[in-house]
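Participant: Provided herewith: my_file.csv, CSV, C-alpha atoms and all ligand atoms.
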```csv
chain,number,residue,atom,x,y,z
A,1,MET,CA,55.8,-43.0,-38.8
A,2,LYS,CA,56.5,-39.5,-37.5
A,3,VAL,CA,53.5,-37.4,-38.5
A,4,LEU,CA,53.0,-33.7,-38.3
A,5,VAL,CA,49.3,-32.9,-37.8
A,6,THR,CA,48.3,-29.3,-38.5
A,7,GLY,CA,45.1,-28.2,-36.8
A,8,HIS,CA,45.6,-30.9,-34.2
A,9,LEU,CA,43.7,-28.8,-31.6
A,10,GLY,CA,40.5,-28.5,-33.7
A,11,TYR,CA,37.4,-30.7,-33.9
A,12,LEU,CA,38.9,-33.4,-36.1
A,13,GLY,CA,42.5,-33.0,-35.0
A,14,SER,CA,41.9,-33.5,-31.3
A,15,GLU,CA,40.2,-36.8,-31.9
A,16,MET,CA,42.6,-37.9,-34.7
A,17,VAL,CA,45.8,-37.5,-32.6
A,18,PRO,CA,45.0,-40.2,-30.1
A,19,VAL,CA,43.9,-42.5,-33.0
A,20,LEU,CA,47.2,-42.0,-34.7
A,21,GLN,CA,49.1,-42.6,-31.4
A,22,SER,CA,47.2,-45.8,-30.7
A,23,ARG,CA,48.4,-47.1,-34.1
A,24,GLY,CA,52.0,-46.4,-33.2
A,25,HIS,CA,52.6,-43.1,-34.9
A,26,ASP,CA,54.7,-40.4,-33.3
A,27,VAL,CA,52.7,-37.2,-33.6
A,28,ILE,CA,53.8,-33.6,-33.6
A,29,GLY,CA,51.2,-30.8,-33.7
A,30,LEU,CA,51.0,-27.4,-35.3
A,31,ASP,CA,48.1,-25.1,-34.4
A,32,THR,CA,47.6,-21.5,-33.3
A,33,ASP,CA,44.8,-22.8,-31.0
A,34,LEU,CA,42.1,-20.4,-32.0
A,35,PHE,CA,39.5,-22.6,-30.2
A,36,GLY,CA,41.2,-23.0,-26.8
A,37,ASN,CA,38.0,-21.9,-25.1
A,38,CYS,CA,35.9,-24.6,-26.9
A,39,ASP,CA,36.6,-27.8,-25.0
A,40,PHE,CA,33.5,-29.9,-24.3
A,41,HIS,CA,34.4,-33.5,-23.8
A,42,GLY,CA,37.9,-33.5,-22.2
A,43,THR,CA,40.9,-31.6,-23.5
A,44,PRO,CA,43.2,-32.3,-26.5
A,45,VAL,CA,46.0,-34.8,-25.9
A,46,ASP,CA,49.3,-33.0,-25.2
A,47,VAL,CA,51.9,-33.6,-27.9
A,48,PRO,CA,55.1,-31.8,-28.9
A,49,THR,CA,53.9,-28.7,-30.9
A,50,LEU,CA,55.3,-26.3,-33.4
A,51,ASN,CA,53.9,-23.0,-32.2
A,52,ILE,CA,53.9,-21.5,-35.7
A,53,ASP,CA,51.1,-20.0,-37.7
A,54,MET,CA,50.8,-22.1,-40.8
A,55,ARG,CA,51.2,-19.0,-43.0
A,56,ASP,CA,54.7,-18.7,-41.6
A,57,VAL,CA,56.0,-22.2,-41.9
A,58,THR,CA,59.2,-22.6,-44.0
A,59,ALA,CA,61.3,-25.7,-44.9
A,60,ALA,CA,63.8,-24.7,-42.2
A,61,ASP,CA,61.1,-25.2,-39.6
A,62,LEU,CA,60.6,-28.8,-40.7
A,63,THR,CA,64.1,-29.8,-41.7
A,64,GLY,CA,65.8,-32.1,-39.2
A,65,LEU,CA,62.5,-33.2,-37.6
A,66,ASP,CA,62.5,-36.4,-39.7
A,67,ILE,CA,58.8,-36.1,-40.5
A,68,ASP,CA,57.5,-38.9,-42.8
A,69,ALA,CA,54.0,-37.5,-43.4
A,70,VAL,CA,52.0,-34.3,-42.9
A,71,ILE,CA,48.3,-34.5,-42.2
A,72,HIS,CA,47.0,-31.0,-43.0
A,73,LEU,CA,43.8,-30.1,-41.2
A,74,ALA,CA,44.4,-26.4,-40.2
A,75,ALA,CA,42.0,-24.1,-42.0
A,76,LEU,CA,39.1,-21.8,-41.7
A,77,SER,CA,36.8,-24.7,-41.5
A,78,ASN,CA,33.4,-23.9,-42.8
A,79,ASP,CA,31.4,-21.7,-45.2
A,80,PRO,CA,30.2,-19.0,-42.8
A,81,LEU,CA,33.7,-18.5,-41.4
A,82,SER,CA,35.3,-18.3,-44.9
A,83,ASP,CA,32.6,-16.0,-46.1
A,84,LEU,CA,33.6,-13.4,-43.5
A,85,ASP,CA,36.7,-12.4,-45.5
A,86,PRO,CA,37.2,-14.4,-48.7
A,87,GLN,CA,40.7,-13.0,-49.2
A,88,LEU,CA,41.8,-14.2,-45.7
A,89,THR,CA,40.3,-17.6,-46.6
A,90,TYR,CA,42.4,-17.8,-49.7
A,91,ASP,CA,45.5,-16.6,-47.7
A,92,ILE,CA,45.0,-19.3,-45.0
A,93,ASN,CA,43.2,-22.2,-46.7
A,94,LEU,CA,44.9,-21.9,-50.2
A,95,ASP,CA,48.2,-20.0,-50.2
A,96,ALA,CA,49.4,-21.2,-46.8
A,97,SER,CA,48.4,-24.8,-47.6
A,98,VAL,CA,50.4,-24.7,-50.8
A,99,SER,CA,53.5,-23.1,-49.2
A,100,LEU,CA,53.2,-25.6,-46.3
A,101,ALA,CA,53.3,-28.5,-48.8
A,102,GLU,CA,56.2,-26.9,-50.6
A,103,ALA,CA,58.1,-26.6,-47.3
A,104,ALA,CA,57.2,-30.2,-46.5
A,105,LYS,CA,58.4,-31.5,-49.8
A,106,ALA,CA,61.7,-29.5,-49.6
A,107,SER,CA,62.3,-30.9,-46.1
A,108,GLY,CA,62.0,-34.5,-47.3
A,109,VAL,CA,58.4,-35.3,-46.2
A,110,GLN,CA,57.1,-38.2,-48.3
A,111,ARG,CA,53.3,-38.0,-47.8
A,112,PHE,CA,51.0,-35.0,-47.6
A,113,LEU,CA,47.4,-35.9,-46.6
A,114,PHE,CA,45.2,-32.9,-47.3
A,115,SER,CA,41.9,-32.6,-45.5
A,116,SER,CA,39.7,-31.7,-48.4
A,117,SER,CA,35.9,-31.7,-48.5
A,118,CYS,CA,33.0,-33.1,-50.4
A,119,SER,CA,31.8,-29.5,-50.4
A,120,LEU,CA,33.9,-29.0,-53.5
A,121,TYR,CA,31.1,-30.8,-55.4
A,122,GLY,CA,28.8,-28.0,-54.3
A,123,LYS,CA,25.5,-28.4,-56.1
A,124,GLY,CA,25.3,-32.0,-57.2
A,125,GLY,CA,21.6,-33.1,-57.5
A,126,ASP,CA,20.4,-36.7,-57.0
A,127,ALA,CA,23.2,-38.8,-58.6
A,128,GLU,CA,26.0,-40.1,-56.3
A,129,LEU,CA,29.2,-38.3,-57.2
A,130,ASP,CA,32.5,-40.2,-57.4
A,131,GLU,CA,35.9,-38.6,-57.4
A,132,ASN,CA,35.7,-37.9,-61.1
A,133,ALA,CA,32.7,-35.7,-60.8
A,134,GLU,CA,32.9,-32.1,-61.8
A,135,PHE,CA,33.8,-29.5,-59.2
A,136,ASN,CA,31.0,-27.0,-58.5
A,137,PRO,CA,32.0,-25.1,-55.3
A,138,VAL,CA,29.5,-22.5,-54.2
A,139,THR,CA,31.6,-20.7,-51.6
A,140,PRO,CA,35.2,-19.4,-51.1
A,141,TYR,CA,35.7,-22.4,-48.7
A,142,GLY,CA,34.8,-24.9,-51.4
A,143,GLU,CA,36.8,-23.0,-54.0
A,144,SER,CA,39.8,-23.0,-51.8
A,145,LYS,CA,39.7,-26.9,-51.5
A,146,VAL,CA,39.6,-27.2,-55.3
A,147,ARG,CA,42.5,-24.9,-55.8
A,148,VAL,CA,44.7,-26.6,-53.1
A,149,GLU,CA,44.1,-30.0,-54.7
A,150,GLN,CA,45.1,-28.6,-58.1
A,151,ALA,CA,48.2,-27.0,-56.7
A,152,LEU,CA,49.3,-30.1,-54.8
A,153,HIS,CA,48.9,-32.2,-57.9
A,154,THR,CA,51.7,-30.2,-59.5
A,155,LEU,CA,54.0,-31.0,-56.6
A,156,ALA,CA,53.5,-34.8,-56.8
A,157,CYS,CA,56.7,-36.6,-57.7
A,158,ASP,CA,58.4,-39.9,-57.0
A,159,SER,CA,59.5,-38.7,-53.5
A,160,PHE,CA,56.3,-36.7,-52.6
A,161,SER,CA,52.8,-38.1,-52.5
A,162,PRO,CA,50.0,-35.7,-52.0
A,163,VAL,CA,46.6,-37.3,-51.2
A,164,TYR,CA,43.2,-35.5,-51.2
A,165,LEU,CA,40.8,-36.8,-48.6
A,166,ARG,CA,37.4,-35.3,-49.4
A,167,ASN,CA,35.6,-35.7,-46.1
A,168,ALA,CA,31.9,-35.8,-46.0
A,169,THR,CA,30.3,-33.4,-43.3
A,170,ALA,CA,31.5,-34.7,-40.0
A,171,TYR,CA,29.5,-35.4,-36.9
A,172,GLY,CA,30.1,-36.9,-33.5
A,173,LEU,CA,31.6,-36.1,-30.1
A,174,SER,CA,35.0,-34.4,-29.9
A,175,ARG,CA,37.1,-32.8,-27.2
A,176,ARG,CA,36.8,-29.7,-29.3
A,177,LEU,CA,33.2,-30.0,-30.1
A,178,ARG,CA,31.6,-28.1,-33.0
A,179,ALA,CA,27.8,-27.6,-32.9
A,180,ASP,CA,27.8,-25.7,-36.2
A,181,ILE,CA,27.7,-28.9,-38.3
A,182,VAL,CA,24.3,-30.3,-39.1
A,183,VAL,CA,24.0,-33.5,-37.0
A,184,ASN,CA,25.7,-32.0,-33.9
A,185,ASN,CA,23.6,-28.9,-34.4
A,186,LEU,CA,20.2,-30.6,-34.7
A,187,VAL,CA,20.9,-32.8,-31.6
A,188,ALA,CA,22.0,-29.7,-29.6
A,189,HIS,CA,18.7,-28.0,-30.5
A,190,ALA,CA,16.8,-31.0,-29.5
A,191,ALA,CA,18.7,-31.5,-26.3
A,192,THR,CA,18.5,-27.9,-25.1
A,193,SER,CA,15.1,-26.7,-26.3
A,194,GLY,CA,13.0,-29.8,-27.2
A,195,LYS,CA,12.9,-28.4,-30.7
A,196,ILE,CA,14.7,-29.7,-33.8
A,197,LEU,CA,15.2,-26.5,-35.9
A,198,MET,CA,16.3,-27.1,-39.5
A,199,GLU,CA,18.2,-24.2,-41.0
A,200,SER,CA,17.2,-25.3,-44.6
A,201,ASP,CA,13.9,-26.5,-46.0
A,202,GLY,CA,15.1,-30.1,-45.2
A,203,THR,CA,15.4,-31.3,-48.7
A,204,PRO,CA,19.2,-30.9,-49.4
A,205,TRP,CA,21.3,-34.1,-49.5
A,206,ARG,CA,24.4,-34.3,-47.3
A,207,PRO,CA,27.0,-37.1,-47.1
A,208,LEU,CA,27.9,-37.6,-43.4
A,209,VAL,CA,30.8,-39.3,-41.6
A,210,HIS,CA,31.7,-39.7,-38.0
A,211,VAL,CA,34.8,-37.8,-36.7
A,212,LEU,CA,36.4,-41.1,-35.7
A,213,ASP,CA,35.8,-42.7,-39.1
A,214,ILE,CA,37.6,-39.7,-40.6
A,215,ALA,CA,40.5,-40.3,-38.2
A,216,ASP,CA,40.5,-44.0,-39.3
A,217,ALA,CA,40.6,-42.9,-43.0
A,218,PHE,CA,43.7,-40.8,-42.5
A,219,ALA,CA,45.4,-43.5,-40.5
A,220,ALA,CA,44.5,-46.1,-43.2
A,221,VAL,CA,46.0,-43.8,-45.9
A,222,LEU,CA,49.2,-43.5,-43.9
A,223,ASP,CA,49.4,-47.3,-43.9
A,224,ALA,CA,48.5,-47.9,-47.5
A,225,PRO,CA,51.3,-48.6,-50.1
A,226,ALA,CA,52.4,-45.4,-51.8
A,227,GLU,CA,51.4,-46.5,-55.2
A,228,THR,CA,47.7,-46.9,-54.2
A,229,ILE,CA,47.4,-43.4,-52.7
A,230,HIS,CA,49.9,-41.3,-54.7
A,231,ASP,CA,48.2,-38.2,-56.0
A,232,GLN,CA,44.7,-39.7,-55.5
A,233,ALA,CA,41.5,-38.2,-54.3
A,234,PHE,CA,39.2,-40.2,-52.0
A,235,ASN,CA,35.7,-39.4,-50.8
A,236,VAL,CA,35.7,-40.2,-47.1
A,237,GLY,CA,32.5,-41.6,-45.8
A,238,ARG,CA,30.5,-44.8,-45.9
A,239,ALA,CA,28.0,-46.4,-48.3
A,240,GLY,CA,24.4,-45.6,-47.2
A,241,GLU,CA,25.4,-42.5,-45.3
A,242,ASN,CA,23.9,-39.8,-47.6
A,243,TYR,CA,20.9,-38.2,-45.9
A,244,GLN,CA,18.5,-35.4,-46.6
A,245,VAL,CA,18.5,-33.0,-43.7
A,246,ARG,CA,14.9,-33.9,-43.1
A,247,GLN,CA,15.9,-37.6,-42.6
A,248,ILE,CA,18.5,-36.5,-40.0
A,249,ALA,CA,15.9,-34.5,-38.2
A,250,ASP,CA,13.6,-37.6,-38.1
A,251,ILE,CA,16.4,-39.7,-36.6
A,252,VAL,CA,17.0,-37.0,-34.0
A,253,ALA,CA,13.3,-37.0,-33.2
A,254,ASP,CA,13.4,-40.7,-32.8
A,255,VAL,CA,16.4,-40.7,-30.4
A,256,VAL,CA,15.7,-37.6,-28.3
A,257,PRO,CA,12.4,-37.9,-26.5
A,258,ASP,CA,9.6,-35.3,-26.7
A,259,CYS,CA,11.0,-33.2,-29.6
A,260,ALA,CA,9.1,-31.1,-32.1
A,261,LEU,CA,10.3,-30.6,-35.7
A,262,GLY,CA,10.5,-27.1,-37.0
A,263,PHE,CA,12.4,-24.6,-39.2
A,264,GLY,CA,15.0,-22.1,-38.0
A,265,MET,CA,14.6,-18.4,-38.7
A,266,HIS,CA,16.8,-18.5,-41.8
A,267,ALA,CA,15.4,-21.7,-43.2
A,268,SER,CA,15.5,-21.7,-47.0
A,269,PRO,CA,16.4,-24.0,-49.8
A,270,ASP,CA,20.1,-24.7,-49.6
A,271,ILE,CA,22.2,-24.7,-52.8
A,272,ARG,CA,24.8,-27.1,-51.3
A,273,ASP,CA,23.1,-30.3,-52.2
A,274,TYR,CA,25.0,-33.4,-53.2
A,275,ARG,CA,25.2,-37.2,-52.7
A,276,VAL,CA,28.5,-39.0,-52.7
A,277,ASP,CA,29.9,-42.4,-53.7
A,278,PHE,CA,32.4,-43.8,-51.3
A,279,SER,CA,33.4,-47.0,-53.1
A,280,LYS,CA,36.9,-45.9,-54.1
A,281,ILE,CA,38.3,-45.6,-50.6
A,282,HIS,CA,36.9,-49.0,-49.7
A,283,ARG,CA,38.3,-50.6,-52.9
A,284,MET,CA,41.7,-49.0,-52.8
A,285,VAL,CA,42.4,-48.6,-49.1
A,286,PRO,CA,41.1,-51.8,-47.5
A,287,GLY,CA,42.5,-50.8,-44.1
A,288,TYR,CA,39.7,-48.2,-43.9
A,289,GLN,CA,36.9,-49.7,-41.7
A,290,PRO,CA,34.3,-47.1,-40.9
A,291,GLN,CA,32.2,-48.1,-37.9
A,292,TRP,CA,29.6,-45.4,-37.4
A,293,THR,CA,26.1,-44.5,-38.7
A,294,VAL,CA,24.3,-41.3,-38.2
A,295,ARG,CA,21.8,-43.0,-35.8
A,296,ARG,CA,24.7,-44.2,-33.6
A,297,GLY,CA,26.3,-40.8,-33.7
A,298,VAL,CA,23.0,-39.1,-32.7
A,299,GLU,CA,22.8,-41.5,-29.7
A,300,GLN,CA,26.4,-40.7,-28.8
A,301,LEU,CA,25.8,-36.9,-28.9
A,302,TRP,CA,22.5,-37.1,-27.0
A,303,ALA,CA,24.1,-39.1,-24.2
A,304,ALA,CA,27.2,-36.7,-24.2
A,305,TYR,CA,25.1,-33.5,-24.1
A,306,ARG,CA,23.1,-34.8,-21.2
A,307,GLN,CA,26.3,-36.0,-19.3
A,308,GLY,CA,28.2,-32.8,-20.1
A,309,GLY,CA,25.3,-30.6,-19.1
A,310,MET,CA,24.9,-28.8,-22.5
A,311,THR,CA,22.5,-26.0,-21.8
A,312,ALA,CA,20.6,-23.6,-24.1
A,313,ASP,CA,23.0,-20.8,-23.0
A,314,MET,CA,26.0,-22.9,-23.7
A,315,PHE,CA,24.7,-23.8,-27.2
A,316,ALA,CA,23.7,-20.1,-27.8
A,317,GLY,CA,27.2,-18.9,-26.8
A,318,PRO,CA,30.4,-18.8,-28.9
A,319,SER,CA,32.1,-22.0,-27.7
A,320,TYR,CA,30.8,-24.5,-30.1
A,321,ILE,CA,30.0,-22.3,-33.1
A,322,ARG,CA,33.3,-21.5,-34.9
A,323,LEU,CA,32.0,-18.3,-36.5
A,324,ARG,CA,30.8,-16.9,-33.2
A,325,GLU,CA,34.1,-17.7,-31.4
A,326,ILE,CA,36.1,-16.0,-34.1
A,327,GLN,CA,33.8,-12.9,-33.9
A,328,ARG,CA,34.2,-12.9,-30.1
A,329,LEU,CA,38.0,-13.1,-30.3
A,330,CYS,CA,38.0,-10.2,-32.9
A,331,ALA,CA,35.6,-8.1,-30.8
A,332,ALA,CA,37.9,-8.5,-27.8
A,333,ASP,CA,40.9,-7.6,-29.9
A,334,ALA,CA,42.4,-11.0,-28.8
A,335,VAL,CA,43.1,-11.6,-32.5
A,336,GLY,CA,43.5,-9.0,-35.3
A,337,PRO,CA,41.5,-9.0,-38.5
A,338,ASP,CA,44.1,-11.4,-40.0
A,339,LEU,CA,43.3,-13.9,-37.1
A,340,ARG,CA,46.8,-13.6,-35.7
A,341,TRP,CA,46.9,-13.4,-31.9
A,342,SER,CA,47.5,-9.8,-30.7
A,343,ALA,CA,50.9,-9.2,-29.1
A,344,ALA,CA,49.4,-8.5,-25.7
A,401,LIG,N1,34.4,-30.9,-39.7
A,401,LIG,C1,33.9,-31.1,-40.9
A,401,LIG,O1,32.7,-31.4,-41.1
A,401,LIG,C2,34.9,-31.2,-42.1
A,401,LIG,C3,34.4,-31.7,-43.3
A,401,LIG,C4,35.2,-31.7,-44.4
A,401,LIG,C5,36.5,-31.1,-44.3
A,401,LIG,N2,36.9,-30.6,-43.1
A,401,LIG,C6,38.3,-30.0,-43.1
A,401,LIG,O2,39.0,-30.6,-42.0
A,401,LIG,C7,39.9,-29.7,-41.4
A,401,LIG,C8,39.6,-29.6,-39.9
A,401,LIG,O3,38.3,-29.2,-39.7
A,401,LIG,P1,37.8,-29.1,-38.2
A,401,LIG,O4,36.3,-29.3,-38.2
A,401,LIG,O5,38.6,-29.8,-37.3
A,401,LIG,O6,38.0,-27.5,-38.0
A,401,LIG,P2,38.3,-26.7,-36.6
A,401,LIG,O7,37.9,-25.3,-36.9
A,401,LIG,O8,37.7,-27.3,-35.5
A,401,LIG,O9,39.9,-26.7,-36.5
A,401,LIG,C9,40.8,-26.0,-37.3
A,401,LIG,C10,42.1,-25.8,-36.5
A,401,LIG,O10,43.0,-25.1,-37.4
A,401,LIG,C11,43.6,-24.1,-36.6
A,401,LIG,N3,44.1,-23.0,-37.4
A,401,LIG,C12,43.3,-22.2,-38.1
A,401,LIG,N4,44.1,-21.3,-38.8
A,401,LIG,C13,45.4,-21.6,-38.5
A,401,LIG,C14,46.6,-21.0,-38.8
A,401,LIG,N5,46.7,-19.9,-39.6
A,401,LIG,N6,47.8,-21.6,-38.4
A,401,LIG,C15,47.7,-22.7,-37.6
A,401,LIG,N7,46.5,-23.2,-37.2
A,401,LIG,C16,45.4,-22.7,-37.6
A,401,LIG,C17,42.6,-23.7,-35.5
A,401,LIG,O11,43.2,-23.1,-34.4
A,401,LIG,C18,41.9,-25.0,-35.3
A,401,LIG,O12,42.4,-25.7,-34.1
A,401,LIG,C19,39.6,-28.3,-42.2
A,401,LIG,O13,40.6,-28.2,-43.2
A,401,LIG,C20,38.2,-28.5,-42.7
A,401,LIG,O14,38.1,-27.7,-43.9
A,401,LIG,C21,36.1,-30.6,-42.0
```
Take the structure in this file and express it as structure tokens.

Facilitator:
Amino acid sequence: MKVLVTGHLGYLGSEMVPVLQSRGHDVIGLDTDLFGNCDFHGTPVDVPTLNIDMRDVTAADLTGLDIDAVIHLAALSNDPLSDLDPQLTYDINLDASVSLAEAAKASGVQRFLFSSSCSLYGKGGDAELDENAEFNPVTPYGESKVRVEQALHTLACDSFSPVYLRNATAYGLSRRLRADIVVNNLVAHAATSGKILMESDGTPWRPLVHVLDIADAFAAVLDAPAETIHDQAFNVGRAGENYQVRQIADIVADVVPDCALGFGMHASPDIRDYRVDFSKIHRMVPGYQPQWTVRRGVEQLWAAYRQGGMTADMFAGPSYIRLREIQRLCAADAVGPDLRWSAA
């Protein structure tokens, strides 16, 4: 298939592109490259790229490219970033996602795989939530994911199949590393300071999934028959991979030698607290074969942080924390308040 991947230069996208290529897909990228300074483990694979801000894409940009499917990853990708300016979050994550899907549909694209998030379940409690669970988003980020899914549903028709892949919180090594997601963050604390600092009281539940298993899920949905994925939501993760933050910290303490467990300065109960049921994707998309566990991911990160020379200064800097890098770009006037690159 010919696949347009938006956000192909981000944490998930830079690992997904080679996975898609290895399965024979012809990949085109679309990304404004906000995190070009954030390489850790190699650099993203070079692919033909549409250098267009996703807010500006029209059907004319896509017509004639013979794109079969869009994988839509580009977004302000976490709660702190989207809390900075909720209206900007809705402009990018919601309105631009919907207009991109409309442009894709008008240009003849058949599948639109939206990178949604389990965070739309927000506060869930102890029961494992399946795809029919109530939405309970607690941030503009989570709210934007709900509203995109609802808008894409209205676009579904015989010739256009939107699919909502509700990823668990990702972890694992990437060319465009993020250390602002819980597993990567705890291992970075341990590797650079010998302390595992939890930023919550350790009790919240989190479903977790490796970045390569997310890539596998998107690739499997591309391969699945249209009738099994048409207008469907799938939780993306693996049975047994819901953890309390405290349990993740214990695994990190087990893998990284001589670490002390502790709480960060802003540790408090976290209202995002949910466990997720992943049986639907396994049942309906048998090509999906997740390989990773959190323990294996922690071992991968610990080895990579040592080999890549992750230092306390690097971890404290902007490169691997999305919010800090955006604040750095804004302070330097490299991007404006709308996160468009300055003309200069
Ligand atoms: N990483 C996770 O744990 C996780 C979990 C669930 C869902 N998701 C979703 O998956 C997607 C990718 O997440 P990620 O972790 O790779 O994020 P990321 O921040 O690493 O990458 C996002 C990419 O989008 C690009 N981008 C942002 N605004 C753009 C715009 N206006 N036009 C074009 N490109 C733009 C950025 O340059 C960046 O390369 C996001 O939609 C995110 O919400 C991520």

Participant: Could you list, as a short mmCIF file (atom, residue, chain, number, x, y, z; two decimals) with C-alpha atoms, keeping the file's coordinate frame, all protein and nucleic acid residues with an atom at most 8 Å from ligand LIG 401 (chain A), counting all atoms listed in the file?

Facilitator:
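Generated output (part-v9.cif):
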```
data_model
loop_
_atom_site.label_atom_id
_atom_site.label_comp_id
_atom_site.auth_asym_id
_atom_site.auth_seq_id
_atom_site.Cartn_x
_atom_site.Cartn_y
_atom_site.Cartn_z
CA THR A 6 48.30 -29.30 -38.50
CA GLY A 7 45.10 -28.20 -36.80
CA HIS A 8 45.60 -30.90 -34.20
CA LEU A 9 43.70 -28.80 -31.60
CA GLY A 10 40.50 -28.50 -33.70
CA TYR A 11 37.40 -30.70 -33.90
CA LEU A 12 38.90 -33.40 -36.10
CA GLY A 13 42.50 -33.00 -35.00
CA SER A 14 41.90 -33.50 -31.30
CA LEU A 30 51.00 -27.40 -35.30
CA ASP A 31 48.10 -25.10 -34.40
CA THR A 32 47.60 -21.50 -33.30
CA ASP A 33 44.80 -22.80 -31.00
CA LEU A 34 42.10 -20.40 -32.00
CA PHE A 35 39.50 -22.60 -30.20
CA GLY A 36 41.20 -23.00 -26.80
CA ILE A 52 53.90 -21.50 -35.70
CA ASP A 53 51.10 -20.00 -37.70
CA MET A 54 50.80 -22.10 -40.80
CA ARG A 55 51.20 -19.00 -43.00
CA HIS A 72 47.00 -31.00 -43.00
CA LEU A 73 43.80 -30.10 -41.20
CA ALA A 74 44.40 -26.40 -40.20
CA ALA A 75 42.00 -24.10 -42.00
CA LEU A 76 39.10 -21.80 -41.70
CA SER A 77 36.80 -24.70 -41.50
CA ASN A 78 33.40 -23.90 -42.80
CA ILE A 92 45.00 -19.30 -45.00
CA ASN A 93 43.20 -22.20 -46.70
CA ALA A 96 49.40 -21.20 -46.80
CA PHE A 114 45.20 -32.90 -47.30
CA SER A 115 41.90 -32.60 -45.50
CA SER A 116 39.70 -31.70 -48.40
CA SER A 117 35.90 -31.70 -48.50
CA CYS A 118 33.00 -33.10 -50.40
CA SER A 119 31.80 -29.50 -50.40
CA TYR A 141 35.70 -22.40 -48.70
CA LYS A 145 39.70 -26.90 -51.50
CA ARG A 166 37.40 -35.30 -49.40
CA ASN A 167 35.60 -35.70 -46.10
CA ALA A 168 31.90 -35.80 -46.00
CA THR A 169 30.30 -33.40 -43.30
CA ALA A 170 31.50 -34.70 -40.00
CA TYR A 171 29.50 -35.40 -36.90
CA ARG A 176 36.80 -29.70 -29.30
CA LEU A 177 33.20 -30.00 -30.10
CA ARG A 178 31.60 -28.10 -33.00
CA ILE A 181 27.70 -28.90 -38.30
CA VAL A 211 34.80 -37.80 -36.70
CA ARG A 322 33.30 -21.50 -34.90
CA LEU A 339 43.30 -13.90 -37.10
CA ARG A 340 46.80 -13.60 -35.70
#
```

Participant: Given the choices A:Ile251, A:Gly124, A:Ala179, A:Leu165, which gets closest to Glu325 in chain A if the distance is worked out from all atoms listed in the file?

Facilitator: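 Ranked by minimum distance to Glu325 in chain A, first place goes to A:Ala179.
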
Participant: Need the shell around Val187 in chain A: protein/DNA/RNA residues with any atom at most 12 Å away, counting only C-alpha atoms. Skip same-chain ones fewer than 2 positions apart. Format as a ChimeraX atom specification?

Facilitator: /A:171-173,178-185,189-198,248-257,259-261,294-295,297-306,310,312,315

Participant: Emit the selected residues as a compact mmCIF listing (two decimals), keeping the file's coordinate frame, including C-alpha atoms.

Facilitator:
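What follows is the written file part00.txt:
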```
# COMPACT_ATOMS: atom_id res chain seq x y z
CA TYR A 171 29.50 -35.40 -36.90
CA GLY A 172 30.10 -36.90 -33.50
CA LEU A 173 31.60 -36.10 -30.10
CA ARG A 178 31.60 -28.10 -33.00
CA ALA A 179 27.80 -27.60 -32.90
CA ASP A 180 27.80 -25.70 -36.20
CA ILE A 181 27.70 -28.90 -38.30
CA VAL A 182 24.30 -30.30 -39.10
CA VAL A 183 24.00 -33.50 -37.00
CA ASN A 184 25.70 -32.00 -33.90
CA ASN A 185 23.60 -28.90 -34.40
CA HIS A 189 18.70 -28.00 -30.50
CA ALA A 190 16.80 -31.00 -29.50
CA ALA A 191 18.70 -31.50 -26.30
CA THR A 192 18.50 -27.90 -25.10
CA SER A 193 15.10 -26.70 -26.30
CA GLY A 194 13.00 -29.80 -27.20
CA LYS A 195 12.90 -28.40 -30.70
CA ILE A 196 14.70 -29.70 -33.80
CA LEU A 197 15.20 -26.50 -35.90
CA MET A 198 16.30 -27.10 -39.50
CA ILE A 248 18.50 -36.50 -40.00
CA ALA A 249 15.90 -34.50 -38.20
CA ASP A 250 13.60 -37.60 -38.10
CA ILE A 251 16.40 -39.70 -36.60
CA VAL A 252 17.00 -37.00 -34.00
CA ALA A 253 13.30 -37.00 -33.20
CA ASP A 254 13.40 -40.70 -32.80
CA VAL A 255 16.40 -40.70 -30.40
CA VAL A 256 15.70 -37.60 -28.30
CA PRO A 257 12.40 -37.90 -26.50
CA CYS A 259 11.00 -33.20 -29.60
CA ALA A 260 9.10 -31.10 -32.10
CA LEU A 261 10.30 -30.60 -35.70
CA VAL A 294 24.30 -41.30 -38.20
CA ARG A 295 21.80 -43.00 -35.80
CA GLY A 297 26.30 -40.80 -33.70
CA VAL A 298 23.00 -39.10 -32.70
CA GLU A 299 22.80 -41.50 -29.70
CA GLN A 300 26.40 -40.70 -28.80
CA LEU A 301 25.80 -36.90 -28.90
CA TRP A 302 22.50 -37.10 -27.00
CA ALA A 303 24.10 -39.10 -24.20
CA ALA A 304 27.20 -36.70 -24.20
CA TYR A 305 25.10 -33.50 -24.10
CA ARG A 306 23.10 -34.80 -21.20
CA MET A 310 24.90 -28.80 -22.50
CA ALA A 312 20.60 -23.60 -24.10
CA PHE A 315 24.70 -23.80 -27.20
```

Participant: Have a look at CA of Leu120 in chain A and CA of Thr139 in chain A and let me know their distance in Å, one decimal.

Facilitator: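 So the answer is 8.8 Å.
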
Participant: Please check which residues have atoms at most 12 Å from (32.8, -13.8, -31.0) in the file's coordinates, counting all atoms listed in the file, and write them as a list in words.

Facilitator: Leu34, Phe35, Asn37, Cys38, Leu81, Ala316, Gly317, Pro318, Ser319, Tyr320, Ile321, Arg322, Leu323, Arg324, Glu325, Ile326, Gln327, Arg328, Leu329, Cys330, Ala331, Ala332, Asp333, Ala334 and Val335 of chain A

Participant: In Å, rounded to a single decimal, give me how far CA of Pro80 in chain A is from CA of Ala217 in chain A.

Facilitator: 26.1 Å

Participant: Identify, on the basis of all atoms listed in the file, every residue whose closest approach to Glu102 in chain A does not exceed 9 Å; exclude the query and any residue fewer than 2 positions from it along the same chain; express the result as a list in words.

Facilitator: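 After dropping sequence-adjacent residues, the list is Thr58, Ala59, Ser97, Val98, Ser99, Leu100, Ala104, Lys105, Ala106, Ser107, Leu152 and Leu155 of chain A.
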